[in-house]
Amino acid sequence: MKTKKIWLAAVLIISLLWLSGCGSGGSGAKPSSAPADSSSAKQSSTAGTGDNKLGPVKVTLAGGSVGGSWSAIGEAIGEAIRKVAPGSSFGYQPGQDGANAITVATGQAELGFVFSVMAKAAYEGNPPYKQKFPDLRAIGIFGPLTYQTIATESSGIKTYADMKTKPVILCVNTKDSTQETLAKALLQEHGITYADIEKNGGKILYLSSSAALDLMKNGRADVRIGMEIAPEAKLAEAATTTKMVMVQPDANAIKNVISKYPVLPVTIKANTYNFQKEDLSTFEVPATLIASKNLPDNVAYTATKALIEQLDYLKTVVPSQMAKDTPESIAKTSIPLHPGAEKYYKEKGLLK
């Protein structure tokens with residue numbers, strides 16, 4: 001009996017030594033607290049921080065019409081997100097400037113493009129919106145377009161004041177768009193209303209830029225107010241068949257518009273167009289990448305990281321529109337930043 005007890009004790013000691021060796025070596029099964037699992041948990045928990053270990057996200061972005069610059073930029077942002085967060089899922093859906101604010105605010109898309117003017121109007125509940133959308137947040141701004149007023153030489157319109165006294169057929173872009181909103185505001189700063197123009201025998205036409213230029217070339221419209229890159233090929237082309245002039249807004253009118261709307265002062269340098277011999281003061285309008293405040297912080301952080309760290313790549317897609325964008329300019333939004341975006345900007349020293 002004593003011999004049997006000694007043998008059992010020896011077997012137990014050998015077994016314990018073997019198990020101890022498997023736990024500390026590389027050949028045994030690892031417990032649930034082993035480094036591999038804790039590393040995985042760390043990567044998941046640090047998605048949306050500055051350690052470059054972003055987890056994949058799933059987003060849909062509402063942009064512009066298929067084939068337009070917003071469509072190209074939107075698809076590029078999707079690729080930028082996949083670059084900074086491999087495995088991410090991205091979808092692009094066509095949309096429209098003002099409507100995209102509602103699309104994002106109501107959760108039909110995680111991200112969207114609107115011009116800064118519409119972002120602020122939607123957030124505050126100003127026209128053309130009939131209610132506030134206080135949950136809207138910004139990721140960043142980009143791609144400013146320049147406000148330009150062009151008239152046919154035959155119309156005799158050389159200043160905004162001329163539109164108050166002469167009968168003029170004026171094209172102001174789609175009703176309630178950013179362009180039409182600013183056209184109305186700029187006219188009002190000159191003491192001109194749509195009603196004044198119509199009383200003088202003129203007319204207001206709500207047409208796209210291309211349609212307006214076609215009418216001007218055919219002598220059926222006099223002035224077109226809108227925004228695009230300067231120089232814009234369509235304006236230059238129109239001037240090859242129809243003599244055109246650039247209309248300079250009054251300096252105080254420009255100053256007042258800038259004080260009331262999220263737009264930026266800019267100068268169109270002399271000879272940007274062959275019919276523009278002097279510098280022209282105006283303003284430019286950036287676009288805003290928006291989200292809802294309900295978007296998870298890590299998703300907003302990832303989108304912001306993509307916008308900033310893939311900026312050089314984004315500029316190759318629409319170089320003329322995004323040429324002036326910098327990390328510093330992108331962070332200056334007209335509505336509050338999403339907390340995830342704010343976190344990224346603060347980490348990179350772009351915000352205090």
# chains A, B, ... in the order shown; residues from 1 in each chain; ligands from 1
>>> closest_atom_pairs(of="region 191-294 of chain A", to="region 160-184 of chain A", cutoff="6 Å", atoms="only C-alpha atoms", output="CSV")
residue,atom,partner,partner_atom,distance
A:Asn200,CA,A:Pro167,CA,5.2
A:Gly201,CA,A:Pro167,CA,5.1
A:Gly202,CA,A:Pro167,CA,4.5
A:Lys203,CA,A:Ile169,CA,4.7
A:Ile204,CA,A:Leu170,CA,5.0
A:Leu205,CA,A:Cys171,CA,4.7
A:Tyr206,CA,A:Asn173,CA,4.8
A:Leu207,CA,A:Asn173,CA,4.5
A:Ser208,CA,A:Asn173,CA,4.9
A:Ala221,CA,A:Ile169,CA,5.0
A:Asp222,CA,A:Ile169,CA,5.2
A:Val223,CA,A:Leu170,CA,4.9
A:Arg224,CA,A:Cys171,CA,4.7
A:Ile225,CA,A:Val172,CA,5.4
A:Gly226,CA,A:Gln179,CA,5.6
>>> closest_atom_pairs(of="region 93-199 of chain A", to="region 246-265 of chain A", cutoff="8 Å", atoms="only C-alpha atoms", output="Markdown table")
| residue | atom | partner | partner_atom | distance |
| --- | --- | --- | --- | --- |
| A:Ser116 | CA | A:Pro262 | CA | 6.1 |
| A:Val117 | CA | A:Pro262 | CA | 5.8 |
| A:Lys120 | CA | A:Pro262 | CA | 7.7 |
| A:Gln148 | CA | A:Met246 | CA | 7.6 |
| A:Thr149 | CA | A:Val247 | CA | 5.4 |
| A:Ile150 | CA | A:Met246 | CA | 4.7 |
| A:Ala151 | CA | A:Met246 | CA | 6.4 |
| A:Ile157 | CA | A:Val247 | CA | 7.6 |
| A:Lys158 | CA | A:Val247 | CA | 5.5 |
| A:Thr159 | CA | A:Val247 | CA | 5.4 |
| A:Tyr160 | CA | A:Pro249 | CA | 6.0 |
| A:Ala185 | CA | A:Val257 | CA | 7.0 |
| A:Leu186 | CA | A:Ala253 | CA | 6.5 |
| A:Glu189 | CA | A:Ala253 | CA | 5.0 |
| A:His190 | CA | A:Ala253 | CA | 6.3 |
>>> select_by_dssp(residues="region 105-139 of chain A", states="helix (DSSP H, G or I)", output="VMD selection string")
chain A and resid 105 116 to 124
>>> write_last_selection(atoms="C-alpha atoms", output="PDB file, in the first residue's frame")
ATOM      1  CA  ALA A 105     -30.458  64.623 -40.344  1.00  0.00           C
ATOM      2  CA  SER A 116     -21.782  75.895 -46.041  1.00  0.00           C
ATOM      3  CA  VAL A 117     -24.698  78.289 -46.536  1.00  0.00           C
ATOM      4  CA  MET A 118     -27.206  75.427 -46.484  1.00  0.00           C
ATOM      5  CA  ALA A 119     -25.464  73.660 -43.594  1.00  0.00           C
ATOM      6  CA  LYS A 120     -25.903  76.755 -41.423  1.00  0.00           C
ATOM      7  CA  ALA A 121     -29.453  77.423 -42.655  1.00  0.00           C
ATOM      8  CA  ALA A 122     -30.536  73.849 -41.877  1.00  0.00           C
ATOM      9  CA  TYR A 123     -28.875  73.871 -38.464  1.00  0.00           C
ATOM     10  CA  GLU A 124     -30.542  77.167 -37.495  1.00  0.00           C
TER      11      GLU A 124
END
>>> atom_distance(atom1="CA of Lys130 (chain A)", atom2="CA of Lys293 (chain A)")
20.3 Å
>>> closest_residue(among="A:Ile335, A:Leu136, A:Met216, A:Ala236", to="Ser154 (chain A)", atoms="only C-alpha atoms")
A:Met216
>>> atom_distance(atom1="CA of Ser334 (chain A)", atom2="CA of Gln96 (chain A)")
18.9 Å
>>> closest_residue(among="A:Pro231, A:Gly98, A:Gly140, A:Gly64", to="Tyr345 (chain A)", atoms="only C-alpha atoms")
A:Gly140
>>> select_by_dssp(residues="region 140-217 of chain A", states="strand (DSSP E)", output="number ranges by chain")
A: 140-152, 169-171, 203-205
>>> closest_residue(among="A:Ile139, A:Leu311, A:Val66, A:Leu61", to="Gly91 (chain A)", atoms="only C-alpha atoms")
A:Leu61
>>> closest_residue(among="A:Asn271, A:Thr106, A:Ser209, A:Thr193", to="Phe133 (chain A)", atoms="only C-alpha atoms")
A:Thr106
>>> residues_around(residues="Arg137 (chain A)", least_positions_apart="2", cutoff="7 Å", atoms="only C-alpha atoms", output="ChimeraX atom specification")
/A:135,139,290-293,335-338
>>> residues_around(residues="Gly68 (chain A)", least_positions_apart="6", cutoff="12 Å", atoms="only C-alpha atoms", output="PyMOL selection string")
chain A and resi 74-75+94-96+317-318+321
>>> residues_around(residues="Thr316 (chain A)", least_positions_apart="6", cutoff="12 Å", atoms="only C-alpha atoms", output="PyMOL selection string")
chain A and resi 72-73+76-77+310+322-323
>>> write_last_selection(atoms="N, CA and C atoms", output="CSV table (one decimal), in the first residue's frame")
chain,number,residue,atom,x,y,z
A,72,ALA,N,-17.6,62.7,-58.0
A,72,ALA,CA,-16.2,62.3,-58.1
A,72,ALA,C,-15.6,62.4,-56.7
A,73,ILE,N,-15.8,63.5,-56.0
A,73,ILE,CA,-15.2,63.7,-54.7
A,73,ILE,C,-15.8,62.7,-53.7
A,76,ALA,N,-14.3,59.4,-54.1
A,76,ALA,CA,-12.9,59.4,-53.7
A,76,ALA,C,-12.8,59.4,-52.2
A,77,ILE,N,-13.7,60.1,-51.5
A,77,ILE,CA,-13.7,60.0,-50.0
A,77,ILE,C,-14.0,58.6,-49.5
A,310,GLN,N,-5.7,61.9,-46.4
A,310,GLN,CA,-5.7,61.5,-47.9
A,310,GLN,C,-6.0,62.7,-48.7
A,322,MET,N,-10.3,71.5,-55.4
A,322,MET,CA,-9.8,71.3,-54.0
A,322,MET,C,-8.4,71.9,-53.9
A,323,ALA,N,-7.9,72.6,-54.9
A,323,ALA,CA,-6.5,73.1,-54.9
A,323,ALA,C,-6.2,73.9,-53.7
>>> closest_residue(among="A:Val104, A:Leu280, A:Leu289, A:Ala233", to="Ala303 (chain A)", atoms="only C-alpha atoms")
A:Leu289
>>> closest_residue(among="A:Glu342, A:Asp297, A:Glu237, A:Asp196", to="Tyr273 (chain A)", atoms="only C-alpha atoms")
A:Glu237
>>> atom_distance(atom1="CA of Ala211 (chain A)", atom2="CA of Asp97 (chain A)")
18.5 Å
>>> residues_around(residues="Tyr147 (chain A)", least_positions_apart="6", cutoff="6 Å", atoms="only C-alpha atoms", output="list in words")
Gly226, Met227, Phe283 and Glu284 of chain A
>>> write_last_selection(atoms="N, CA and C atoms", output="compact mmCIF listing (two decimals), in the first residue's frame")
# COMPACT_ATOMS: atom_id res chain seq x y z
N GLY A 226 -24.03 83.06 -60.51
CA GLY A 226 -23.81 81.68 -60.09
C GLY A 226 -22.43 81.50 -59.50
N MET A 227 -22.08 80.25 -59.22
CA MET A 227 -20.77 79.99 -58.62
C MET A 227 -20.14 78.75 -59.25
N PHE A 283 -16.86 86.69 -53.45
CA PHE A 283 -16.71 85.75 -52.34
C PHE A 283 -16.78 84.33 -52.87
N GLU A 284 -16.32 83.38 -52.06
CA GLU A 284 -16.38 81.98 -52.45
C GLU A 284 -17.13 81.19 -51.40
>>> residues_around(residues="Phe275 (chain A)", least_positions_apart="3", cutoff="10 Å", atoms="only C-alpha atoms", output="PyMOL selection string")
chain A and resi 236+239-240+243-246+270-272+278
>>> write_last_selection(atoms="C-alpha atoms", output="mmCIF file, in the first residue's frame")
data_model
loop_
_atom_site.group_PDB
_atom_site.id
_atom_site.type_symbol
_atom_site.label_atom_id
_atom_site.label_comp_id
_atom_site.auth_asym_id
_atom_site.auth_seq_id
_atom_site.Cartn_x
_atom_site.Cartn_y
_atom_site.Cartn_z
ATOM 1 C CA ALA A 236 -14.955 81.304 -71.256
ATOM 2 C CA ALA A 239 -17.682 84.495 -74.377
ATOM 3 C CA THR A 240 -16.189 83.182 -77.633
ATOM 4 C CA LYS A 243 -19.510 89.359 -75.987
ATOM 5 C CA MET A 244 -19.617 89.219 -72.197
ATOM 6 C CA VAL A 245 -18.720 91.442 -69.241
ATOM 7 C CA MET A 246 -18.022 90.637 -65.585
ATOM 8 C CA ALA A 270 -7.439 90.481 -63.847
ATOM 9 C CA ASN A 271 -7.395 88.536 -67.123
ATOM 10 C CA THR A 272 -8.713 85.358 -65.529
ATOM 11 C CA GLU A 278 -9.332 94.272 -63.834
#
>>> decode(residues="region 309-326 of chain A", atoms="C-alpha atoms", output="short mmCIF file (atom, residue, chain, number, x, y, z; two decimals), in the first residue's frame")
data_model
loop_
_atom_site.label_atom_id
_atom_site.label_comp_id
_atom_site.auth_asym_id
_atom_site.auth_seq_id
_atom_site.Cartn_x
_atom_site.Cartn_y
_atom_site.Cartn_z
CA GLU A 309 -4.58 62.39 -44.34
CA GLN A 310 -5.71 61.51 -47.86
CA LEU A 311 -6.02 65.15 -48.95
CA ASP A 312 -3.26 64.86 -51.57
CA TYR A 313 -5.09 61.90 -53.09
CA LEU A 314 -8.44 63.74 -53.04
CA LYS A 315 -6.85 66.69 -54.84
CA THR A 316 -5.94 64.44 -57.77
CA VAL A 317 -9.63 63.72 -58.33
CA VAL A 318 -10.89 67.30 -58.71
CA PRO A 319 -7.68 69.35 -58.54
CA SER A 320 -9.19 72.67 -59.63
CA GLN A 321 -11.90 72.57 -56.96
CA MET A 322 -9.79 71.33 -54.04
CA ALA A 323 -6.50 73.06 -54.88
CA LYS A 324 -6.81 75.61 -52.07
CA ASP A 325 -7.85 73.17 -49.34
CA THR A 326 -5.50 72.69 -46.39
#
